[in-house]
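The file input08.cif contains mmCIF, C-alpha atoms:
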data_run
#
loop_
_atom_site.label_atom_id
_atom_site.label_comp_id
_atom_site.auth_asym_id
_atom_site.auth_seq_id
_atom_site.Cartn_x
_atom_site.Cartn_y
_atom_site.Cartn_z
CA MET N 1448 -1.53 -59.73 -21.89
CA ALA N 1449 -4.25 -62.27 -22.47
CA ASP N 1450 -7.31 -62.16 -20.28
CA GLU N 1451 -7.25 -65.36 -18.24
CA ASP N 1452 -11.01 -65.56 -18.32
CA GLU N 1453 -11.13 -65.44 -22.10
CA LEU N 1454 -10.33 -68.66 -23.98
CA ALA N 1455 -7.97 -68.62 -26.96
CA VAL N 1456 -9.85 -69.05 -30.23
CA THR N 1457 -8.73 -71.98 -32.37
CA ASP N 1458 -9.57 -73.00 -35.91
CA ARG N 1459 -12.42 -75.21 -34.75
CA THR N 1460 -13.88 -72.76 -32.26
CA THR N 1461 -13.91 -69.89 -34.76
CA LEU N 1462 -17.43 -68.97 -35.86
CA LYS N 1463 -16.97 -68.44 -39.54
CA ARG N 1464 -20.39 -67.33 -40.70
CA ILE N 1465 -21.87 -65.21 -37.91
CA PRO N 1466 -18.87 -64.36 -35.69
CA GLU N 1467 -20.85 -61.94 -33.50
CA ARG N 1468 -22.67 -64.94 -32.01
CA GLY N 1469 -19.42 -66.33 -30.60
CA HIS N 1470 -18.39 -65.95 -26.96
CA PHE N 1471 -15.19 -67.13 -25.36
CA ASP N 1472 -15.28 -65.82 -21.80
CA ARG N 1473 -15.57 -68.34 -19.00
CA ASP N 1474 -18.49 -66.64 -17.27
CA THR N 1475 -20.64 -66.98 -20.37
CA LEU N 1476 -19.59 -70.58 -20.97
CA ASN N 1477 -19.98 -71.60 -17.34
CA ALA N 1478 -23.48 -70.15 -17.06
CA ILE N 1479 -24.66 -72.26 -20.02
CA ILE N 1480 -22.86 -75.39 -18.84
CA ASP N 1481 -24.31 -75.03 -15.33
CA GLU N 1482 -27.89 -74.33 -16.45
CA ALA N 1483 -28.08 -77.33 -18.80
CA MET N 1484 -29.12 -80.70 -17.40
CA ILE N 1485 -27.54 -82.78 -20.14
CA CYS N 1486 -24.90 -82.64 -22.83
CA HIS N 1487 -24.29 -84.60 -26.02
CA VAL N 1488 -20.86 -86.23 -26.30
CA GLY N 1489 -19.45 -86.97 -29.74
CA ILE N 1490 -16.82 -89.63 -30.18
CA VAL N 1491 -15.32 -91.40 -33.17
CA ASP N 1492 -15.74 -95.18 -33.07
CA GLU N 1493 -13.12 -97.80 -34.00
CA HIS N 1494 -14.26 -97.61 -37.63
CA GLY N 1495 -13.89 -93.82 -37.82
CA ARG N 1496 -17.63 -93.17 -37.59
CA PRO N 1497 -19.26 -90.62 -35.29
CA VAL N 1498 -21.37 -91.60 -32.28
CA VAL N 1499 -23.28 -89.06 -30.17
CA ILE N 1500 -24.34 -89.99 -26.64
CA PRO N 1501 -26.58 -87.92 -24.33
CA THR N 1502 -25.35 -87.82 -20.75
CA PHE N 1503 -25.25 -85.74 -17.60
CA HIS N 1504 -22.31 -83.49 -16.91
CA GLY N 1505 -20.88 -81.50 -14.06
CA ARG N 1506 -18.30 -78.75 -13.79
CA ASP N 1507 -15.34 -78.59 -11.44
CA GLY N 1508 -13.89 -75.12 -11.94
CA ASP N 1509 -12.37 -75.06 -15.43
CA ASP N 1510 -12.99 -78.78 -16.06
CA LEU N 1511 -16.04 -80.57 -17.35
CA LEU N 1512 -16.86 -83.86 -15.63
CA LEU N 1513 -18.55 -86.81 -17.33
CA HIS N 1514 -19.37 -90.25 -16.01
CA GLY N 1515 -20.99 -93.53 -16.85
CA SER N 1516 -20.83 -97.19 -16.12
CA ALA N 1517 -17.32 -98.63 -16.03
CA ALA N 1518 -18.76 -101.22 -18.44
CA SER N 1519 -19.73 -98.58 -21.03
CA ARG N 1520 -17.90 -99.32 -24.25
CA LEU N 1521 -18.50 -95.81 -25.55
CA LEU N 1522 -17.13 -94.05 -22.48
CA ARG N 1523 -14.09 -96.29 -22.57
CA THR N 1524 -13.60 -95.21 -26.18
CA ALA N 1525 -13.91 -91.56 -25.16
CA ARG N 1526 -11.13 -91.87 -22.60
CA ASN N 1527 -7.86 -90.49 -24.03
CA SER N 1528 -9.52 -89.76 -27.39
CA GLU N 1529 -10.69 -86.57 -29.01
CA ILE N 1530 -14.27 -85.86 -28.01
CA CYS N 1531 -16.69 -83.02 -28.60
CA VAL N 1532 -19.19 -82.07 -25.92
CA THR N 1533 -22.12 -79.93 -27.02
CA ILE N 1534 -24.60 -78.32 -24.64
CA THR N 1535 -27.71 -76.60 -25.97
CA LEU N 1536 -30.42 -74.46 -24.36
CA ILE N 1537 -33.36 -73.30 -26.49
CA ASP N 1538 -34.81 -70.02 -25.19
CA SER N 1539 -37.46 -69.25 -27.80
CA LEU N 1540 -38.63 -70.04 -31.29
CA VAL N 1541 -38.11 -67.12 -33.64
CA MET N 1542 -41.11 -66.77 -35.93
CA ALA N 1543 -40.35 -64.52 -38.87
CA ARG N 1544 -42.70 -63.28 -41.59
CA THR N 1545 -41.09 -65.80 -43.95
CA ALA N 1546 -40.34 -69.49 -43.48
CA PHE N 1547 -36.75 -68.88 -44.53
CA HIS N 1548 -35.99 -66.58 -41.58
CA HIS N 1549 -37.45 -68.81 -38.88
CA SER N 1550 -34.86 -69.56 -36.25
CA ALA N 1551 -34.39 -70.01 -32.53
CA ASN N 1552 -32.92 -67.98 -29.76
CA TYR N 1553 -30.47 -70.35 -28.14
CA ARG N 1554 -27.34 -70.63 -26.06
CA SER N 1555 -24.93 -73.42 -26.86
CA VAL N 1556 -21.44 -74.45 -25.83
CA VAL N 1557 -19.05 -76.69 -27.71
CA ILE N 1558 -16.00 -78.11 -25.95
CA PHE N 1559 -13.26 -80.01 -27.78
CA GLY N 1560 -10.54 -82.03 -26.15
CA VAL N 1561 -9.18 -85.28 -24.81
CA PRO N 1562 -10.67 -86.35 -21.48
CA GLU N 1563 -8.69 -88.17 -18.85
CA GLN N 1564 -10.08 -90.88 -16.66
CA ILE N 1565 -10.04 -90.04 -12.97
CA THR N 1566 -8.40 -93.08 -11.40
CA ASP N 1567 -7.79 -91.90 -7.84
CA ASP N 1568 -10.66 -93.11 -5.63
CA ALA N 1569 -10.93 -89.93 -3.59
CA GLU N 1570 -10.83 -87.72 -6.66
CA ALA N 1571 -13.37 -89.90 -8.47
CA ASP N 1572 -15.64 -89.82 -5.43
CA ALA N 1573 -15.47 -86.02 -5.33
CA ALA N 1574 -16.19 -85.89 -9.05
CA LEU N 1575 -19.28 -88.08 -8.65
CA ASN N 1576 -20.52 -85.84 -5.87
CA THR N 1577 -20.01 -82.80 -8.12
CA LEU N 1578 -21.96 -84.55 -10.88
CA VAL N 1579 -24.92 -85.31 -8.57
CA GLU N 1580 -24.87 -81.77 -7.19
CA ALA N 1581 -24.77 -80.34 -10.73
CA LEU N 1582 -27.96 -82.22 -11.52
CA ILE N 1583 -29.71 -81.87 -8.15
CA PRO N 1584 -28.19 -79.20 -5.92
CA GLY N 1585 -28.28 -80.20 -2.25
CA ARG N 1586 -28.81 -83.91 -2.90
CA MET N 1587 -25.45 -85.02 -1.48
CA ASP N 1588 -26.54 -83.69 1.95
CA GLU N 1589 -29.55 -86.04 1.81
CA VAL N 1590 -27.98 -89.35 0.79
CA ARG N 1591 -25.15 -91.45 2.24
CA PRO N 1592 -21.64 -91.08 0.80
CA ASN N 1593 -20.62 -93.31 -2.11
CA THR N 1594 -18.91 -96.57 -1.28
CA THR N 1595 -15.54 -97.38 -2.82
CA LYS N 1596 -17.26 -100.18 -4.75
CA GLU N 1597 -19.70 -97.66 -6.25
CA VAL N 1598 -16.88 -95.27 -7.12
CA ARG N 1599 -14.98 -98.06 -8.88
CA ALA N 1600 -18.08 -99.20 -10.79
CA THR N 1601 -18.23 -95.76 -12.38
CA LEU N 1602 -15.99 -94.43 -15.11
CA THR N 1603 -15.38 -90.74 -14.44
CA LEU N 1604 -13.78 -88.45 -17.00
CA ARG N 1605 -12.30 -84.96 -16.67
CA LEU N 1606 -12.18 -82.71 -19.73
CA PRO N 1607 -10.37 -79.36 -19.40
CA ILE N 1608 -12.50 -76.52 -20.77
CA THR N 1609 -9.75 -74.92 -22.80
CA GLU N 1610 -10.79 -75.26 -26.45
CA ALA N 1611 -14.40 -74.16 -26.26
CA SER N 1612 -16.86 -71.57 -27.41
CA ALA N 1613 -20.38 -70.44 -26.73
CA LYS N 1614 -22.79 -69.46 -29.47
CA ILE N 1615 -25.76 -67.29 -28.62
CA ARG N 1616 -28.65 -65.94 -30.62
CA ASN N 1617 -30.89 -63.59 -28.72
CA GLY N 1618 -33.18 -61.23 -30.56
CA PRO N 1619 -36.30 -60.66 -32.61
CA PRO N 1620 -37.04 -62.17 -36.01
CA VAL N 1621 -35.12 -60.50 -38.83
CA ASP N 1622 -36.84 -60.39 -42.22
CA ASP N 1623 -35.73 -58.88 -45.48
CA GLU N 1624 -37.07 -55.37 -46.16
CA GLU N 1625 -39.26 -56.60 -49.03
CA ASP N 1626 -41.18 -58.85 -46.60
CA MET N 1627 -41.64 -56.31 -43.80
CA ASP N 1628 -45.06 -55.18 -45.06
CA ALA N 1629 -46.49 -58.70 -45.14
CA ALA N 1630 -49.58 -59.05 -42.95
CA VAL N 1631 -48.07 -61.99 -41.06
CA TRP N 1632 -47.64 -62.11 -37.31
CA ALA N 1633 -43.97 -62.29 -36.30
CA GLY N 1634 -42.43 -62.66 -32.89
CA LEU N 1635 -40.98 -65.01 -30.33
CA LEU N 1636 -42.45 -68.09 -28.69
CA PRO N 1637 -40.69 -68.57 -25.32
CA VAL N 1638 -39.50 -72.10 -24.47
CA HIS N 1639 -39.05 -73.08 -20.83
CA THR N 1640 -37.87 -76.15 -18.98
CA THR N 1641 -40.13 -76.57 -15.96
CA PHE N 1642 -40.35 -79.09 -13.15
CA GLY N 1643 -43.46 -80.76 -11.79
CA GLU N 1644 -44.36 -81.80 -8.26
CA PRO N 1645 -42.08 -84.56 -6.94
CA ILE N 1646 -43.64 -88.05 -7.19
CA THR N 1647 -42.80 -90.21 -4.17
CA ALA N 1648 -41.64 -93.77 -4.92
CA ASP N 1649 -44.27 -96.45 -4.14
CA ASP N 1650 -41.76 -98.61 -2.29
CA MET N 1651 -40.74 -96.03 0.32
CA ARG N 1652 -40.46 -97.67 3.75
CA HIS N 1653 -40.68 -94.34 5.58
CA ASP N 1654 -43.42 -91.74 5.37
CA LEU N 1655 -41.32 -88.77 4.26
CA PRO N 1656 -42.21 -85.60 2.38
CA PRO N 1657 -40.21 -84.87 -0.79
CA SER N 1658 -36.73 -83.85 0.24
CA LYS N 1659 -35.65 -80.22 0.02
CA SER N 1660 -33.59 -80.79 -3.12
CA ALA N 1661 -36.68 -82.08 -4.93
CA ALA N 1662 -39.25 -79.69 -3.46
CA ASN N 1663 -37.18 -76.58 -4.22
CA TYR N 1664 -35.78 -77.78 -7.53
CA ARG N 1665 -35.14 -75.21 -10.22
CA ARG N 1666 -32.60 -74.42 -12.93
CA PRO N 1667 -30.46 -72.41 -12.90
CA ALA N 1668 -30.09 -73.21 -9.18
CA MET Y 61 -40.78 -112.65 -42.60
CA ALA Y 62 -39.38 -109.51 -41.02
CA ASP Y 63 -41.81 -106.96 -39.68
CA GLU Y 64 -41.47 -103.92 -41.95
CA ASP Y 65 -42.12 -101.59 -39.04
CA GLU Y 66 -39.29 -103.07 -37.00
CA LEU Y 67 -35.74 -102.00 -37.91
CA ALA Y 68 -32.97 -104.55 -38.24
CA VAL Y 69 -30.56 -104.39 -35.31
CA THR Y 70 -26.92 -103.83 -36.22
CA ASP Y 71 -23.73 -103.94 -34.20
CA ARG Y 72 -23.92 -100.24 -33.43
CA THR Y 73 -27.62 -100.14 -32.58
CA THR Y 74 -27.37 -103.11 -30.19
CA LEU Y 75 -27.79 -102.08 -26.57
CA LYS Y 76 -25.13 -104.13 -24.91
CA ARG Y 77 -25.59 -103.32 -21.24
CA ILE Y 78 -29.34 -102.89 -20.67
CA PRO Y 79 -30.94 -104.43 -23.78
CA GLU Y 80 -34.50 -104.13 -22.42
CA ARG Y 81 -34.24 -100.35 -22.89
CA GLY Y 82 -33.84 -100.76 -26.66
CA HIS Y 83 -36.71 -100.26 -29.12
CA PHE Y 84 -36.60 -100.72 -32.86
CA ASP Y 85 -40.16 -100.21 -34.07
CA ARG Y 86 -40.89 -97.19 -36.21
CA ASP Y 87 -43.86 -96.00 -34.14
CA THR Y 88 -41.69 -95.67 -31.05
CA LEU Y 89 -38.85 -93.98 -32.95
CA ASN Y 90 -41.15 -91.63 -34.84
CA ALA Y 91 -42.96 -90.46 -31.71
CA ILE Y 92 -39.65 -89.42 -30.13
CA ILE Y 93 -38.33 -87.81 -33.32
CA ASP Y 94 -41.56 -85.86 -33.80
CA GLU Y 95 -41.85 -84.66 -30.20
CA ALA Y 96 -38.28 -83.34 -30.03
CA MET Y 97 -37.58 -79.79 -31.21
CA ILE Y 98 -33.89 -80.32 -31.86
CA CYS Y 99 -31.34 -83.02 -32.52
CA HIS Y 100 -27.57 -83.22 -32.17
CA VAL Y 101 -25.67 -84.21 -35.29
CA GLY Y 102 -22.27 -85.84 -34.96
CA ILE Y 103 -19.80 -85.70 -37.80
CA VAL Y 104 -16.12 -86.50 -38.16
CA ASP Y 105 -14.04 -83.53 -39.33
CA GLU Y 106 -11.25 -83.60 -41.91
CA HIS Y 107 -8.76 -84.45 -39.14
CA GLY Y 108 -10.78 -87.42 -37.88
CA ARG Y 109 -12.10 -85.57 -34.85
CA PRO Y 110 -15.74 -85.52 -33.74
CA VAL Y 111 -17.93 -82.41 -33.99
CA VAL Y 112 -21.47 -82.25 -32.57
CA ILE Y 113 -23.90 -79.62 -33.87
CA PRO Y 114 -27.36 -78.87 -32.48
CA THR Y 115 -29.96 -78.29 -35.18
CA PHE Y 116 -33.63 -78.60 -36.04
CA HIS Y 117 -34.90 -81.69 -37.81
CA GLY Y 118 -38.02 -82.85 -39.58
CA ARG Y 119 -39.31 -86.22 -40.68
CA ASP Y 120 -40.64 -87.20 -44.08
CA GLY Y 121 -42.01 -90.70 -43.62
CA ASP Y 122 -39.03 -92.98 -43.04
CA ASP Y 123 -36.44 -90.23 -43.67
CA LEU Y 124 -35.00 -87.64 -41.33
CA LEU Y 125 -34.55 -84.17 -42.82
CA LEU Y 126 -31.82 -81.73 -41.80
CA HIS Y 127 -30.99 -78.30 -43.13
CA GLY Y 128 -28.71 -75.36 -42.72
CA SER Y 129 -27.08 -72.57 -44.60
CA ALA Y 130 -25.57 -73.61 -47.93
CA ALA Y 131 -22.46 -71.84 -46.60
CA SER Y 132 -22.21 -74.12 -43.56
CA ARG Y 133 -18.87 -75.91 -43.64
CA LEU Y 134 -20.07 -78.54 -41.20
CA LEU Y 135 -23.22 -79.45 -43.10
CA ARG Y 136 -21.21 -79.70 -46.29
CA THR Y 137 -18.94 -82.12 -44.45
CA ALA Y 138 -21.97 -84.15 -43.32
CA ARG Y 139 -23.21 -84.60 -46.88
CA ASN Y 140 -22.26 -88.06 -48.16
CA SER Y 141 -20.40 -88.88 -44.93
CA GLU Y 142 -21.28 -91.07 -41.99
CA ILE Y 143 -23.20 -89.05 -39.42
CA CYS Y 144 -24.93 -89.84 -36.16
CA VAL Y 145 -28.10 -88.00 -35.19
CA THR Y 146 -29.12 -88.19 -31.54
CA ILE Y 147 -32.43 -86.95 -30.19
CA THR Y 148 -33.06 -86.80 -26.45
CA LEU Y 149 -36.14 -86.10 -24.34
CA ILE Y 150 -35.78 -85.99 -20.55
CA ASP Y 151 -39.03 -86.94 -18.81
CA SER Y 152 -37.99 -86.92 -15.17
CA LEU Y 153 -35.06 -87.00 -12.82
CA VAL Y 154 -34.86 -90.28 -10.92
CA MET Y 155 -33.89 -89.62 -7.33
CA ALA Y 156 -32.80 -92.79 -5.59
CA ARG Y 157 -31.91 -93.34 -1.93
CA THR Y 158 -28.24 -93.40 -2.96
CA ALA Y 159 -26.27 -91.06 -5.19
CA PHE Y 160 -25.08 -94.03 -7.22
CA HIS Y 161 -28.56 -94.97 -8.42
CA HIS Y 162 -29.63 -91.49 -9.49
CA SER Y 163 -30.69 -91.48 -13.09
CA ALA Y 164 -33.23 -90.01 -15.48
CA ASN Y 165 -36.31 -91.26 -17.23
CA TYR Y 166 -35.65 -90.41 -20.84
CA ARG Y 167 -36.48 -91.29 -24.41
CA SER Y 168 -33.69 -91.05 -26.95
CA VAL Y 169 -33.17 -92.02 -30.56
CA VAL Y 170 -29.88 -92.57 -32.35
CA ILE Y 171 -29.78 -92.72 -36.14
CA PHE Y 172 -26.66 -93.71 -38.09
CA GLY Y 173 -26.18 -93.27 -41.80
CA VAL Y 174 -24.98 -91.26 -44.75
CA PRO Y 175 -27.26 -88.34 -45.66
CA GLU Y 176 -27.79 -87.22 -49.21
CA GLN Y 177 -28.19 -83.64 -50.27
CA ILE Y 178 -31.55 -82.84 -51.83
CA THR Y 179 -30.61 -81.06 -55.03
CA ASP Y 180 -33.96 -80.90 -56.83
CA ASP Y 181 -35.56 -77.48 -56.18
CA ALA Y 182 -39.09 -78.79 -55.76
CA GLU Y 183 -38.00 -81.60 -53.46
CA ALA Y 184 -35.82 -79.23 -51.42
CA ASP Y 185 -38.71 -76.77 -51.15
CA ALA Y 186 -41.01 -79.53 -49.87
CA ALA Y 187 -38.34 -80.63 -47.40
CA LEU Y 188 -37.97 -77.08 -46.04
CA ASN Y 189 -41.73 -76.86 -45.60
CA THR Y 190 -41.67 -80.18 -43.71
CA LEU Y 191 -38.89 -78.83 -41.48
CA VAL Y 192 -40.84 -75.65 -40.64
CA GLU Y 193 -44.02 -77.66 -40.01
CA ALA Y 194 -42.10 -80.09 -37.77
CA LEU Y 195 -41.01 -77.16 -35.61
CA ILE Y 196 -44.21 -75.08 -35.81
CA PRO Y 197 -47.22 -77.02 -37.07
CA GLY Y 198 -49.50 -74.85 -39.23
CA ARG Y 199 -46.89 -72.16 -39.91
CA MET Y 200 -46.65 -72.82 -43.65
CA ASP Y 201 -50.32 -71.79 -44.01
CA GLU Y 202 -49.44 -68.41 -42.51
CA VAL Y 203 -46.35 -67.38 -44.49
CA ARG Y 204 -45.65 -67.03 -48.20
CA PRO Y 205 -44.03 -69.95 -50.07
CA ASN Y 206 -40.23 -70.08 -50.26
CA THR Y 207 -38.58 -68.48 -53.26
CA THR Y 208 -36.21 -70.48 -55.42
CA LYS Y 209 -33.40 -68.23 -54.19
CA GLU Y 210 -34.24 -69.14 -50.59
CA VAL Y 211 -34.41 -72.84 -51.43
CA ARG Y 212 -30.99 -72.67 -53.09
CA ALA Y 213 -29.47 -70.74 -50.17
CA THR Y 214 -30.30 -73.70 -47.94
CA LEU Y 215 -28.51 -77.02 -47.81
CA THR Y 216 -31.08 -79.73 -47.20
CA LEU Y 217 -30.14 -83.29 -46.29
CA ARG Y 218 -32.16 -86.49 -46.27
CA LEU Y 219 -31.09 -89.34 -43.97
CA PRO Y 220 -32.96 -92.65 -44.27
CA ILE Y 221 -34.02 -93.92 -40.84
CA THR Y 222 -32.84 -97.49 -41.35
CA GLU Y 223 -30.02 -98.02 -38.85
CA ALA Y 224 -31.54 -96.57 -35.72
CA SER Y 225 -32.68 -97.38 -32.23
CA ALA Y 226 -34.62 -95.82 -29.42
CA LYS Y 227 -33.57 -96.12 -25.80
CA ILE Y 228 -36.13 -95.56 -23.10
CA ARG Y 229 -35.97 -95.57 -19.32
CA ASN Y 230 -39.30 -95.17 -17.63
CA GLY Y 231 -39.75 -96.17 -14.04
CA PRO Y 232 -39.12 -95.53 -10.37
CA PRO Y 233 -35.73 -95.33 -8.68
CA VAL Y 234 -34.14 -98.72 -8.13
CA ASP Y 235 -31.93 -99.08 -5.08
CA ASP Y 236 -30.07 -102.07 -3.73
CA GLU Y 237 -31.89 -104.02 -1.01
CA GLU Y 238 -29.38 -102.96 1.65
CA ASP Y 239 -30.33 -99.29 1.08
CA MET Y 240 -34.10 -99.72 1.02
CA ASP Y 241 -34.50 -98.99 4.73
CA ALA Y 242 -32.64 -95.68 4.54
CA ALA Y 243 -34.77 -92.74 5.71
CA VAL Y 244 -34.19 -90.84 2.47
CA TRP Y 245 -36.95 -89.56 0.22
CA ALA Y 246 -36.86 -91.23 -3.20
CA GLY Y 247 -38.97 -90.57 -6.24
CA LEU Y 248 -39.27 -88.79 -9.54
CA LEU Y 249 -39.02 -85.12 -10.40
CA PRO Y 250 -41.00 -84.52 -13.62
CA VAL Y 251 -39.31 -82.42 -16.30
CA HIS Y 252 -41.47 -80.57 -18.85
CA THR Y 253 -40.84 -78.39 -21.86
CA THR Y 254 -43.40 -75.60 -21.78
CA PHE Y 255 -44.14 -72.61 -23.98
CA GLY Y 256 -44.83 -69.05 -22.89
CA GLU Y 257 -47.17 -66.43 -24.32
CA PRO Y 258 -46.09 -65.34 -27.81
CA ILE Y 259 -44.15 -62.04 -27.83
CA THR Y 260 -45.05 -59.85 -30.80
CA ALA Y 261 -42.11 -58.31 -32.70
CA ASP Y 262 -41.66 -54.56 -32.09
CA ASP Y 263 -41.30 -53.82 -35.77
CA MET Y 264 -44.65 -55.25 -36.88
CA ARG Y 265 -46.30 -52.95 -39.44
CA HIS Y 266 -49.75 -54.47 -38.91
CA ASP Y 267 -51.69 -54.75 -35.68
CA LEU Y 268 -52.17 -58.52 -35.60
CA PRO Y 269 -52.75 -60.95 -32.75
CA PRO Y 270 -50.32 -63.88 -32.46
CA SER Y 271 -51.00 -66.29 -35.30
CA LYS Y 272 -52.78 -69.57 -34.62
CA SER Y 273 -49.57 -71.60 -34.89
CA ALA Y 274 -48.02 -69.55 -32.07
CA ALA Y 275 -51.12 -69.11 -29.89
CA ASN Y 276 -51.95 -72.84 -29.93
CA TYR Y 277 -48.37 -74.12 -29.82
CA ARG Y 278 -47.68 -77.35 -27.99
CA ARG Y 279 -45.49 -80.43 -28.31
CA PRO Y 280 -46.29 -83.13 -29.21
CA ALA Y 281 -48.64 -81.36 -31.68
#
Rewritten as structure tokens:
Amino acid sequence: MADEDELAVTDRTTLKRIPERGHFDRDTLNAIIDEAMICHVGIVDEHGRPVVIPTFHGRDGDDLLLHGSAASRLLRTARNSEICVTITLIDSLVMARTAFHHSANYRSVVIFGVPEQITDDAEADAALNTLVEALIPGRMDEVRPNTTKEVRATLTLRLPITEASAKIRNGPPVDDEEDMDAAVWAGLLPVHTTFGEPITADDMRHDLPPSKSAANYRRPA
Amino acid sequence: MADEDELAVTDRTTLKRIPERGHFDRDTLNAIIDEAMICHVGIVDEHGRPVVIPTFHGRDGDDLLLHGSAASRLLRTARNSEICVTITLIDSLVMARTAFHHSANYRSVVIFGVPEQITDDAEADAALNTLVEALIPGRMDEVRPNTTKEVRATLTLRLPITEASAKIRNGPPVDDEEDMDAAVWAGLLPVHTTFGEPITADDMRHDLPPSKSAANYRRPA
């Protein structure tokens, strides 16, 4: 019996060269999806050419959520078409004794599929709230609910996370034996995403301290 | 007479919705390309479906350089095909008084074109050195030169930066007048990429401090 938390591997989610870097369990995928602030969405334009757009994402259980202006030509193209969503976290630069073996420790997720537009107002509203909360946990408790007009001005897409894989490198530099004696420093250079002190807008009409969601911001939440 | 440092705008580099965010001068594009550690490369697979791959990049004057294993099926597909390279830097989260107006301050570049494989050994070697230096300035002074075998094990691509645009948002949250009186904190949350202390590899055979390129690492260089 298949493990429900393990995705089926398809031709395009198979890692052909370094299969041990591949992961297909939902916990691993979800942790990467949830930690990342942005994703890159690949679509094919009307002339068969690729276009890659950076955007925010959210996750509703086993679905990825995307959104943008209802006027966005690219998002309208993405709707009901094959897309590829790639999410990448860089954890460290891997500095080997040789240029050739330089690399990075990273965690990435690739999701393939056909997204559907969320057309029901209530469902679209919930999706938008999930998207804001994915970016800034707690923010929806601080702002007013969306209006129906706002919900309808936004194009919201739902992409099932069914054909997807994670790819992870995590380890020291690996050099060939003949280079191991070289008197060259080798190691890792950690890469972090950090957040500064909130900067209050100049046009605030109330004297308020930064809200909790900003003051306590961190990723993963 | 056209300004040589300003790229011609094409149908797919036109910003249709918020044109004031578009930039086409090489200085602006180059600064974003050079600051970013990674890019996302979009290709169209043999079935006409999009695939987005994260990878390192370098810049040689007006050309973008990409590389990967010579065994990489995806990079071999990219060679002589239309690709889209997208580079994204997130500078801050823009927290408005309403969920709807949340956004990010960002700088992104999109480059369209058909990359050519660099087949000349000397040119490919130089390109690999540029790629390593783009990621870790000064590193090529610390390691031995590439061997011809290493150069030939790597597929190196050159993409002219001719059809490209930058997109920049930089500013405070913008809410509608009817929400300006809301007692909700609004402002920016700065996002930084930072680098930790270098971690020396356990299998070092010499007692060396972290090399200059690691100890002094910062972006932009």
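The nearest approach to chain N among the residues Y:Arg109, Y:Lys227, Y:Lys272, Y:His161, with only C-alpha atoms taken into account, belongs to Y:Arg109.
For the set N:Val1621, N:Ala1613, N:Val1456, N:Val1561, the residue with the smallest atom-to-atom gap to N:Leu1536 is N:Ala1613, counting all atoms listed in the file.
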Open item on the list: I'd like the residues picked by the PyMOL selection byres ((chain Y and resi 81) around 6) written out as a ChimeraX atom specification, using the chain letters and numbers from the file.
Closed with: /Y:78-80,82,227-228
Would you compute the box with edges along x, y and z of the file around stretch 1528-1543 of chain N, including every atom the file lists for it and 5 Å extra on each side, and give its centre and edge lengths in Å to one decimal, as JSON?
{"center_x": -25.3, "center_y": -77.1, "center_z": -31.6, "size_x": 41.6, "size_y": 35.2, "size_z": 24.5}
- [ ] Point out the residue among Y:Glu223, Y:Glu238, Y:Asp263, Y:Glu193 with the least atom-to-atom distance to Y:Asp123, counting all atoms listed in the file.
- [x] Y:Glu223
Task: Non-local contacts of Y:Arg278 (8 Å; only C-alpha atoms; under 2 positions in same chain excluded) as a PyMOL selection string - done: chain Y and resi 254-255+276+280-281
For those residues, write C-alpha atoms to a file as a JSON list (two decimals), in the frame of the given file.
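selection.json written:
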[["chain", "number", "residue", "atom", "x", "y", "z"],
["Y", 254, "THR", "CA", -43.40, -75.60, -21.78],
["Y", 255, "PHE", "CA", -44.14, -72.61, -23.98],
["Y", 276, "ASN", "CA", -51.95, -72.84, -29.93],
["Y", 280, "PRO", "CA", -46.29, -83.13, -29.21],
["Y", 281, "ALA", "CA", -48.64, -81.36, -31.68]]
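With distances taken from (-37.5, -96.8, -37.3) and restricted to only C-alpha atoms, the residues inside 10 Å are Glu64, Asp65, Glu66, Leu67, Ala68, His83, Phe84, Asp85, Arg86, Asp87, Thr88, Leu89, Asn90, Ile93, Gly121, Asp122, Asp123, Val169, Ile171, Pro220, Ile221, Thr222, Glu223, Ala224, Ser225 and Ala226 of chain Y.
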- [ ] May I ask which of the residues Y:Gly102, Y:Pro270, Y:Gly198, Y:Pro233 is the closest one to N:Ile1530, counting only C-alpha atoms?
- [x] Y:Gly102
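As for atom CA of Y:Glu210 and atom CA of N:Tyr1553, they are spaced 22.8 Å apart.
We find atom CA of Y:Thr158 and atom CA of N:Lys1596 to be spaced 13.0 Å apart.
Nearest residue to Y:Ala182, choosing from Y:Asn140, Y:Ser132, Y:Thr208, Y:Ser271 and counting only C-alpha atoms: Y:Thr208.
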Open item on the list: For a quick test of understanding: name the residues of chain Y lying within 7 Å of chain N when counting only C-alpha atoms, and present them as a PyMOL selection string.
Closed with: chain Y and resi 102-104+109-112+114+142-144+146+148+157-160+192+202-204+206+210+232+241+243-261+265-266+268-271+274
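Atom to atom, atom CA of Y:Thr70 and atom CA of Y:Arg119 stand 22.0 Å apart.
Comparing the minimum interatomic distances between Y:Leu219 and each of Y:Ala138, Y:Ala184, Y:Leu125, Y:Ala96, counting only C-alpha atoms, we find that Y:Leu125 sits nearest.
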- [ ] To verify the selection step, state as an MDAnalysis selection string which residues the PyMOL selection byres ((chain N and resi 1563) around 6) yields on this input.
- [x] chainID N and resid 1526:1527 1562 1564 1604:1605
Generate the output file for the selected residues, C-alpha atoms, as a PDB file, in the coordinates of the input.
ATOM      1  CA  ARG N1526     -11.130 -91.870 -22.600  1.00  0.00           C
ATOM      2  CA  ASN N1527      -7.860 -90.490 -24.030  1.00  0.00           C
ATOM      3  CA  PRO N1562     -10.670 -86.350 -21.480  1.00  0.00           C
ATOM      4  CA  GLN N1564     -10.080 -90.880 -16.660  1.00  0.00           C
ATOM      5  CA  LEU N1604     -13.780 -88.450 -17.000  1.00  0.00           C
ATOM      6  CA  ARG N1605     -12.300 -84.960 -16.670  1.00  0.00           C
TER       7      ARG N1605
END
